[in-house]
Amino acid sequence: MTIGTTGRFEARDKRLINCEEVDVNQLMPLKYKWAWEHYLNGCANNWLPSEVPMGRDIELWRSTRLTPAERLVVMRNLGFFATAESLVANNIILAIFRHITNAECRQYLLRQAYEEAVHTHTFHYIVESLGLDEREVFNMYREVPAITAKDDFEMEITAAILRPDFTTATLAGAQTLLDNLIGYYIIMEGLFFYSGFAMMLSLHRRNLMTGIGEQFQYILRDETVHLNFGIDLVNGIKEEHPELWSDAFQARVRQRIAQAVELEIAYARDVLPEGILGLNADMFRDYVQYIADRRLERIGLAATYHSPNPFPWMSETIDLGKEKNFFESRVTEYQSSAVLKWD
Ligand code: FE
Ligand code: MN
């Protein structure tokens, strides 16, 4: 292995991609401090779905107090997220991990993959609590066209990296990896997740399905870190390899995001055909376009839609730190902070 001039491995020898021949195992000294920060932020956000009491949700779900339109909102979002979290986890482990050649980023990816497992677990826990048909919920990604369309869009992005001849050593290959990172961090976790978050947190604000709402708040908190890591990673790779960020590639990114916006608007129309109290599909057209503009800006591209934000309370929700006691119902002490028990 070739290492720097001191004979010791130094932070400056590290690279985000195409660095296998140097060292992918040595975490310290850190070069990408943001990756370590995101890792620590993730660790500070430990939670498990089983900590959230579901009694009120079960009672409401069995009652006649929810309208069919509100039930559809709950079911479709459970169906979308139940498999979307697995798509993200598989993309991390099978597609991204081996091509990100930096130990602190890999440390973060390991943490994120675990969080995606907790998220998938959450949807199973909700299905079990409410007594839903798990086959129906977990098959929606095959059976509900608006969900299938989003997932197919993502799975093609994973498949491009899984081709046996794939390499980031060529310009086109490195651009395909960047396209994957944008497809997952910016589009899947940064765009496709956000209308579901807004829908479920809107119900929570009306005091409906508050257990699920609380779990969506935990997931949103995790996804905020995932998104921020992804943005730092994309911008970091751009900085190390400015040649990847050509005009043609920027046009390709814009095209992808525009396509994703259309898929997400179609999803909102499918979930809210008539609308429910406080929500209708047109608001989601604005919201998805508003979110897309914010994501474009974070990766250095100009906003295109200039739509108003119909849910200003969403950014308040996201911006609330733990110090403001966002998760006030938290009661569980982690085993890691208690005496070890082996039985
Ligand atoms: Fe997730
Ligand atoms: Mn995620």
# chains A, B, ... in the order shown; residues from 1 in each chain; ligands from 1

call {"tool": "closest_atom_pairs", "arguments": {"of": "chain A", "to": "ligand 1", "cutoff": "7 Å", "atoms": "only C-alpha atoms and all ligand atoms", "output": "JSON lines"}}
result
{"residue": "A:Glu85", "atom": "CA", "partner": "ligand 1", "partner_atom_place_in_ligand_line": "1 (Fe)", "distance": 5.0}
{"residue": "A:Glu115", "atom": "CA", "partner": "ligand 1", "partner_atom_place_in_ligand_line": "1 (Fe)", "distance": 6.5}
{"residue": "A:Glu116", "atom": "CA", "partner": "ligand 1", "partner_atom_place_in_ligand_line": "1 (Fe)", "distance": 4.5}
{"residue": "A:His119", "atom": "CA", "partner": "ligand 1", "partner_atom_place_in_ligand_line": "1 (Fe)", "distance": 5.4}
{"residue": "A:Ile219", "atom": "CA", "partner": "ligand 1", "partner_atom_place_in_ligand_line": "1 (Fe)", "distance": 6.3}
{"residue": "A:Asp222", "atom": "CA", "partner": "ligand 1", "partner_atom_place_in_ligand_line": "1 (Fe)", "distance": 7.0}
{"residue": "A:Glu223", "atom": "CA", "partner": "ligand 1", "partner_atom_place_in_ligand_line": "1 (Fe)", "distance": 5.8}

call {"tool": "residues_near_ligand", "arguments": {"ligand": "ligand 2", "cutoff": "10 Å", "atoms": "only C-alpha atoms and all ligand atoms", "output": "PyMOL selection string"}}
result
chain A and resi 84-89+92+112-117+119+184-185+188-190+193+219-227+230

call {"tool": "residues_around", "arguments": {"residues": "Leu233 (chain A)", "least_positions_apart": "5", "cutoff": "12 Å", "atoms": "only C-alpha atoms", "output": "ChimeraX atom specification"}}
result
/A:15-17,32-35,38,96,100-102,104-106,108-109,177-178,180-182,185-186,226-228,238-240,298-299

call {"tool": "residues_around", "arguments": {"residues": "Lys31 (chain A)", "least_positions_apart": "4", "cutoff": "7 Å", "atoms": "only C-alpha atoms", "output": "tab-separated table (two decimals) with N, CA, C and O atoms, in the first residue's frame"}}
result
chain	number	residue	atom	x	y	z
A	11	ALA	N	-4.52	11.37	7.67
A	11	ALA	CA	-5.87	11.71	7.22
A	11	ALA	C	-5.86	12.17	5.76
A	11	ALA	O	-6.76	11.84	5.00
A	12	ARG	N	-4.83	12.90	5.37
A	12	ARG	CA	-4.83	13.45	4.00
A	12	ARG	C	-4.75	12.37	2.93
A	12	ARG	O	-5.02	12.63	1.77
A	14	LYS	N	-6.69	9.89	2.75
A	14	LYS	CA	-8.03	9.33	2.55
A	14	LYS	C	-8.75	9.97	1.37
A	14	LYS	O	-8.56	11.15	1.09

call {"tool": "atom_distance", "arguments": {"atom1": "CA of Leu171 (chain A)", "atom2": "CA of Leu296 (chain A)"}}
result
22.2 Å

call {"tool": "closest_residue", "arguments": {"among": "A:Asn90, A:Thr64, A:Thr176, A:Gln107", "to": "Glu37 (chain A)", "atoms": "only C-alpha atoms"}}
result
A:Gln107

call {"tool": "atom_distance", "arguments": {"atom1": "CA of Glu264 (chain A)", "atom2": "CA of Phe192 (chain A)"}}
result
6.2 Å

call {"tool": "residues_around", "arguments": {"residues": "Gln289 (chain A)", "least_positions_apart": "4", "cutoff": "8 Å", "atoms": "only C-alpha atoms", "output": "NGL selection string"}}
result
:A and (261 or 285 or 293 or 305-307)

call {"tool": "closest_residue", "arguments": {"among": "A:Ala95, A:Ile187, A:Met28, A:Val22", "to": "Lys150 (chain A)", "atoms": "only C-alpha atoms"}}
result
A:Ile187

call {"tool": "closest_residue", "arguments": {"among": "A:Pro308, A:Pro145, A:Gly300, A:Gly42", "to": "Gln250 (chain A)", "atoms": "only C-alpha atoms"}}
result
A:Gly300

call {"tool": "atom_distance", "arguments": {"atom1": "CA of His204 (chain A)", "atom2": "CA of Asp57 (chain A)"}}
result
10.6 Å

call {"tool": "select_by_dssp", "arguments": {"residues": "region 74-216 of chain A", "states": "alpha helix (DSSP H)", "output": "ChimeraX atom specification"}}
result
/A:74-90,103-130,134-138,140-143,145-162,171-181,193-205,210-216

call {"tool": "write_last_selection", "arguments": {"atoms": "C-alpha atoms", "output": "mmCIF file, in the first residue's frame"}}
result
data_model
loop_
_atom_site.group_PDB
_atom_site.id
_atom_site.type_symbol
_atom_site.label_atom_id
_atom_site.label_comp_id
_atom_site.auth_asym_id
_atom_site.auth_seq_id
_atom_site.Cartn_x
_atom_site.Cartn_y
_atom_site.Cartn_z
ATOM 1 C CA VAL A 74 -52.636 5.266 6.865
ATOM 2 C CA MET A 75 -52.651 2.057 4.811
ATOM 3 C CA ARG A 76 -50.901 3.465 1.726
ATOM 4 C CA ASN A 77 -48.142 5.052 3.792
ATOM 5 C CA LEU A 78 -47.596 1.869 5.793
ATOM 6 C CA GLY A 79 -47.407 -0.006 2.485
ATOM 7 C CA PHE A 80 -44.942 2.418 0.932
ATOM 8 C CA PHE A 81 -42.583 2.630 3.922
ATOM 9 C CA ALA A 82 -42.756 -1.093 4.803
ATOM 10 C CA THR A 83 -40.625 -1.956 1.759
ATOM 11 C CA ALA A 84 -38.999 1.407 0.966
ATOM 12 C CA GLU A 85 -36.850 1.080 4.098
ATOM 13 C CA SER A 86 -35.613 -2.303 2.844
ATOM 14 C CA LEU A 87 -34.790 -0.840 -0.559
ATOM 15 C CA VAL A 88 -32.645 1.787 1.171
ATOM 16 C CA ALA A 89 -30.945 -0.819 3.385
ATOM 17 C CA ASN A 90 -30.188 -3.091 0.430
ATOM 18 C CA ALA A 103 -13.587 4.287 6.917
ATOM 19 C CA GLU A 104 -15.533 7.097 8.611
ATOM 20 C CA CYS A 105 -18.171 7.085 5.872
ATOM 21 C CA ARG A 106 -18.406 3.296 6.162
ATOM 22 C CA GLN A 107 -18.822 3.657 9.915
ATOM 23 C CA TYR A 108 -21.781 5.929 9.223
ATOM 24 C CA LEU A 109 -23.207 3.550 6.587
ATOM 25 C CA LEU A 110 -23.142 0.686 9.099
ATOM 26 C CA ARG A 111 -25.075 2.808 11.581
ATOM 27 C CA GLN A 112 -27.537 3.907 8.909
ATOM 28 C CA ALA A 113 -28.132 0.329 7.757
ATOM 29 C CA TYR A 114 -29.042 -0.613 11.334
ATOM 30 C CA GLU A 115 -31.463 2.330 11.520
ATOM 31 C CA GLU A 116 -33.126 1.165 8.291
ATOM 32 C CA ALA A 117 -33.631 -2.237 9.934
ATOM 33 C CA VAL A 118 -35.293 -0.487 12.897
ATOM 34 C CA HIS A 119 -37.537 1.377 10.447
ATOM 35 C CA THR A 120 -38.623 -1.802 8.659
ATOM 36 C CA HIS A 121 -39.196 -3.376 12.085
ATOM 37 C CA THR A 122 -41.465 -0.399 12.892
ATOM 38 C CA PHE A 123 -43.848 -1.208 10.051
ATOM 39 C CA HIS A 124 -44.065 -4.806 11.126
ATOM 40 C CA TYR A 125 -44.756 -3.634 14.701
ATOM 41 C CA ILE A 126 -47.565 -1.338 13.516
ATOM 42 C CA VAL A 127 -49.091 -4.045 11.308
ATOM 43 C CA GLU A 128 -48.996 -6.477 14.210
ATOM 44 C CA SER A 129 -50.400 -3.957 16.718
ATOM 45 C CA LEU A 130 -53.341 -2.965 14.524
ATOM 46 C CA GLU A 134 -49.073 -8.256 6.683
ATOM 47 C CA ARG A 135 -49.334 -9.764 3.206
ATOM 48 C CA GLU A 136 -51.439 -6.850 2.043
ATOM 49 C CA VAL A 137 -49.167 -4.168 3.541
ATOM 50 C CA PHE A 138 -45.842 -5.701 2.526
ATOM 51 C CA MET A 140 -48.195 -2.983 -1.798
ATOM 52 C CA TYR A 141 -44.937 -2.293 -3.570
ATOM 53 C CA ARG A 142 -45.991 -4.891 -6.129
ATOM 54 C CA GLU A 143 -49.719 -4.189 -6.135
ATOM 55 C CA PRO A 145 -49.114 1.203 -9.079
ATOM 56 C CA ALA A 146 -48.200 4.567 -7.519
ATOM 57 C CA ILE A 147 -45.903 2.754 -5.048
ATOM 58 C CA THR A 148 -44.545 0.318 -7.644
ATOM 59 C CA ALA A 149 -43.586 3.246 -9.893
ATOM 60 C CA LYS A 150 -41.490 4.909 -7.173
ATOM 61 C CA ASP A 151 -39.848 1.630 -6.140
ATOM 62 C CA ASP A 152 -39.076 0.603 -9.742
ATOM 63 C CA PHE A 153 -37.441 3.999 -10.243
ATOM 64 C CA GLU A 154 -35.215 3.300 -7.218
ATOM 65 C CA MET A 155 -34.503 -0.364 -7.945
ATOM 66 C CA GLU A 156 -33.208 0.507 -11.421
ATOM 67 C CA ILE A 157 -30.777 2.919 -9.749
ATOM 68 C CA THR A 158 -29.530 0.088 -7.499
ATOM 69 C CA ALA A 159 -29.326 -2.351 -10.432
ATOM 70 C CA ALA A 160 -26.983 -0.018 -12.333
ATOM 71 C CA ILE A 161 -24.381 -0.412 -9.558
ATOM 72 C CA LEU A 162 -24.903 -4.172 -9.236
ATOM 73 C CA LEU A 171 -15.817 8.799 -15.349
ATOM 74 C CA ALA A 172 -19.130 7.231 -16.390
ATOM 75 C CA GLY A 173 -18.968 4.729 -13.533
ATOM 76 C CA ALA A 174 -18.221 7.360 -10.893
ATOM 77 C CA GLN A 175 -21.110 9.420 -12.273
ATOM 78 C CA THR A 176 -23.395 6.396 -11.963
ATOM 79 C CA LEU A 177 -22.409 6.071 -8.288
ATOM 80 C CA LEU A 178 -23.149 9.776 -7.769
ATOM 81 C CA ASP A 179 -26.464 9.254 -9.541
ATOM 82 C CA ASN A 180 -27.202 6.410 -7.088
ATOM 83 C CA LEU A 181 -26.377 8.578 -4.060
ATOM 84 C CA PHE A 193 -40.381 10.018 2.209
ATOM 85 C CA TYR A 194 -41.536 13.539 2.892
ATOM 86 C CA SER A 195 -45.132 13.453 1.679
ATOM 87 C CA GLY A 196 -45.677 10.364 3.835
ATOM 88 C CA PHE A 197 -44.128 12.191 6.784
ATOM 89 C CA ALA A 198 -46.377 15.217 6.202
ATOM 90 C CA MET A 199 -49.500 13.036 5.863
ATOM 91 C CA MET A 200 -48.867 10.993 9.002
ATOM 92 C CA LEU A 201 -47.730 13.966 11.076
ATOM 93 C CA SER A 202 -50.813 15.883 9.954
ATOM 94 C CA LEU A 203 -52.954 13.087 11.425
ATOM 95 C CA HIS A 204 -50.819 13.253 14.559
ATOM 96 C CA ARG A 205 -51.481 16.997 14.813
ATOM 97 C CA THR A 210 -50.635 9.254 17.638
ATOM 98 C CA GLY A 211 -48.555 6.130 18.298
ATOM 99 C CA ILE A 212 -47.832 5.755 14.574
ATOM 100 C CA GLY A 213 -47.319 9.515 14.445
ATOM 101 C CA GLU A 214 -44.706 9.339 17.169
ATOM 102 C CA GLN A 215 -42.900 6.546 15.332
ATOM 103 C CA PHE A 216 -42.938 8.647 12.164
#

call {"tool": "decode", "arguments": {"residues": "region 26-38 of chain A", "atoms": "all heavy atoms", "output": "short mmCIF file (atom, residue, chain, number, x, y, z; two decimals), in the first residue's frame"}}
result
data_model
loop_
_atom_site.label_atom_id
_atom_site.label_comp_id
_atom_site.auth_asym_id
_atom_site.auth_seq_id
_atom_site.Cartn_x
_atom_site.Cartn_y
_atom_site.Cartn_z
N GLN A 26 -8.83 1.94 8.32
CA GLN A 26 -8.33 2.76 9.41
C GLN A 26 -9.22 3.98 9.64
O GLN A 26 -9.27 4.90 8.83
CB GLN A 26 -6.89 3.19 9.10
CG GLN A 26 -6.20 3.77 10.32
CD GLN A 26 -4.72 3.99 10.09
OE1 GLN A 26 -4.07 3.28 9.31
NE2 GLN A 26 -4.18 4.99 10.77
N LEU A 27 -9.93 3.94 10.79
CA LEU A 27 -10.90 5.00 11.08
C LEU A 27 -10.22 6.31 11.47
O LEU A 27 -10.61 7.39 11.05
CB LEU A 27 -11.84 4.53 12.19
CG LEU A 27 -12.96 5.48 12.61
CD1 LEU A 27 -13.89 5.81 11.46
CD2 LEU A 27 -13.74 4.88 13.78
N MET A 28 -9.20 6.20 12.32
CA MET A 28 -8.54 7.41 12.81
C MET A 28 -7.13 7.49 12.25
O MET A 28 -6.48 6.46 12.09
CB MET A 28 -8.48 7.38 14.35
CG MET A 28 -9.85 7.35 15.02
SD MET A 28 -10.73 8.90 14.75
CE MET A 28 -12.40 8.40 15.23
N PRO A 29 -6.57 8.62 11.97
CA PRO A 29 -7.17 9.94 12.13
C PRO A 29 -8.27 10.23 11.09
O PRO A 29 -8.19 9.76 9.95
CB PRO A 29 -5.99 10.90 11.94
CG PRO A 29 -4.95 10.12 11.19
CD PRO A 29 -5.17 8.68 11.48
N LEU A 30 -9.27 10.98 11.53
CA LEU A 30 -10.39 11.32 10.67
C LEU A 30 -9.99 12.34 9.62
O LEU A 30 -9.21 13.25 9.90
CB LEU A 30 -11.51 11.98 11.50
CG LEU A 30 -12.29 11.15 12.50
CD1 LEU A 30 -13.22 12.09 13.27
CD2 LEU A 30 -13.07 10.05 11.82
N LYS A 31 -10.55 12.19 8.44
CA LYS A 31 -10.45 13.27 7.46
C LYS A 31 -11.81 13.96 7.31
O LYS A 31 -11.89 15.17 7.29
CB LYS A 31 -9.99 12.73 6.11
CG LYS A 31 -9.91 13.82 5.05
CD LYS A 31 -9.32 13.30 3.75
CE LYS A 31 -9.19 14.41 2.72
NZ LYS A 31 -8.63 13.87 1.47
N TYR A 32 -12.86 13.14 7.18
CA TYR A 32 -14.20 13.68 6.92
C TYR A 32 -14.95 13.76 8.24
O TYR A 32 -15.72 12.87 8.60
CB TYR A 32 -14.92 12.80 5.90
CG TYR A 32 -14.10 12.63 4.64
CD1 TYR A 32 -13.35 11.47 4.42
CD2 TYR A 32 -14.02 13.66 3.71
CE1 TYR A 32 -12.57 11.33 3.29
CE2 TYR A 32 -13.23 13.54 2.57
CZ TYR A 32 -12.51 12.37 2.37
OH TYR A 32 -11.72 12.24 1.26
N LYS A 33 -14.73 14.87 8.96
CA LYS A 33 -15.29 15.00 10.31
C LYS A 33 -16.81 14.99 10.29
O LYS A 33 -17.45 14.54 11.23
CB LYS A 33 -14.76 16.29 10.96
CG LYS A 33 -13.24 16.25 11.12
CD LYS A 33 -12.76 17.24 12.18
CE LYS A 33 -11.27 17.03 12.47
NZ LYS A 33 -10.39 17.32 11.31
N TRP A 34 -17.39 15.47 9.18
CA TRP A 34 -18.86 15.46 9.07
C TRP A 34 -19.41 14.04 9.16
O TRP A 34 -20.46 13.81 9.75
CB TRP A 34 -19.32 16.16 7.79
CG TRP A 34 -18.59 15.76 6.52
CD1 TRP A 34 -17.54 16.41 5.97
CD2 TRP A 34 -18.87 14.64 5.66
NE1 TRP A 34 -17.13 15.76 4.82
CE2 TRP A 34 -17.93 14.69 4.61
CE3 TRP A 34 -19.82 13.62 5.68
CZ2 TRP A 34 -17.92 13.73 3.58
CZ3 TRP A 34 -19.81 12.66 4.65
CH2 TRP A 34 -18.86 12.73 3.62
N ALA A 35 -18.68 13.07 8.58
CA ALA A 35 -19.18 11.68 8.60
C ALA A 35 -19.25 11.17 10.04
O ALA A 35 -20.21 10.52 10.45
CB ALA A 35 -18.31 10.78 7.74
N TRP A 36 -18.20 11.49 10.81
CA TRP A 36 -18.16 11.07 12.21
C TRP A 36 -19.25 11.77 13.02
O TRP A 36 -19.92 11.17 13.85
CB TRP A 36 -16.76 11.34 12.79
CG TRP A 36 -16.58 10.85 14.19
CD1 TRP A 36 -16.39 11.61 15.30
CD2 TRP A 36 -16.56 9.49 14.62
NE1 TRP A 36 -16.26 10.80 16.40
CE2 TRP A 36 -16.36 9.49 16.01
CE3 TRP A 36 -16.70 8.25 13.96
CZ2 TRP A 36 -16.30 8.32 16.77
CZ3 TRP A 36 -16.65 7.09 14.72
CH2 TRP A 36 -16.44 7.13 16.12
N GLU A 37 -19.46 13.07 12.75
CA GLU A 37 -20.53 13.83 13.42
C GLU A 37 -21.90 13.20 13.16
O GLU A 37 -22.70 13.04 14.06
CB GLU A 37 -20.56 15.28 12.89
CG GLU A 37 -19.50 16.18 13.47
CD GLU A 37 -19.65 16.33 14.98
OE1 GLU A 37 -20.77 16.59 15.44
OE2 GLU A 37 -18.63 16.16 15.67
N HIS A 38 -22.15 12.85 11.89
CA HIS A 38 -23.45 12.22 11.56
C HIS A 38 -23.57 10.88 12.28
O HIS A 38 -24.65 10.51 12.74
CB HIS A 38 -23.60 12.04 10.05
CG HIS A 38 -23.72 13.35 9.31
ND1 HIS A 38 -24.58 14.35 9.69
CD2 HIS A 38 -23.07 13.81 8.20
CE1 HIS A 38 -24.45 15.38 8.83
NE2 HIS A 38 -23.55 15.06 7.93
#
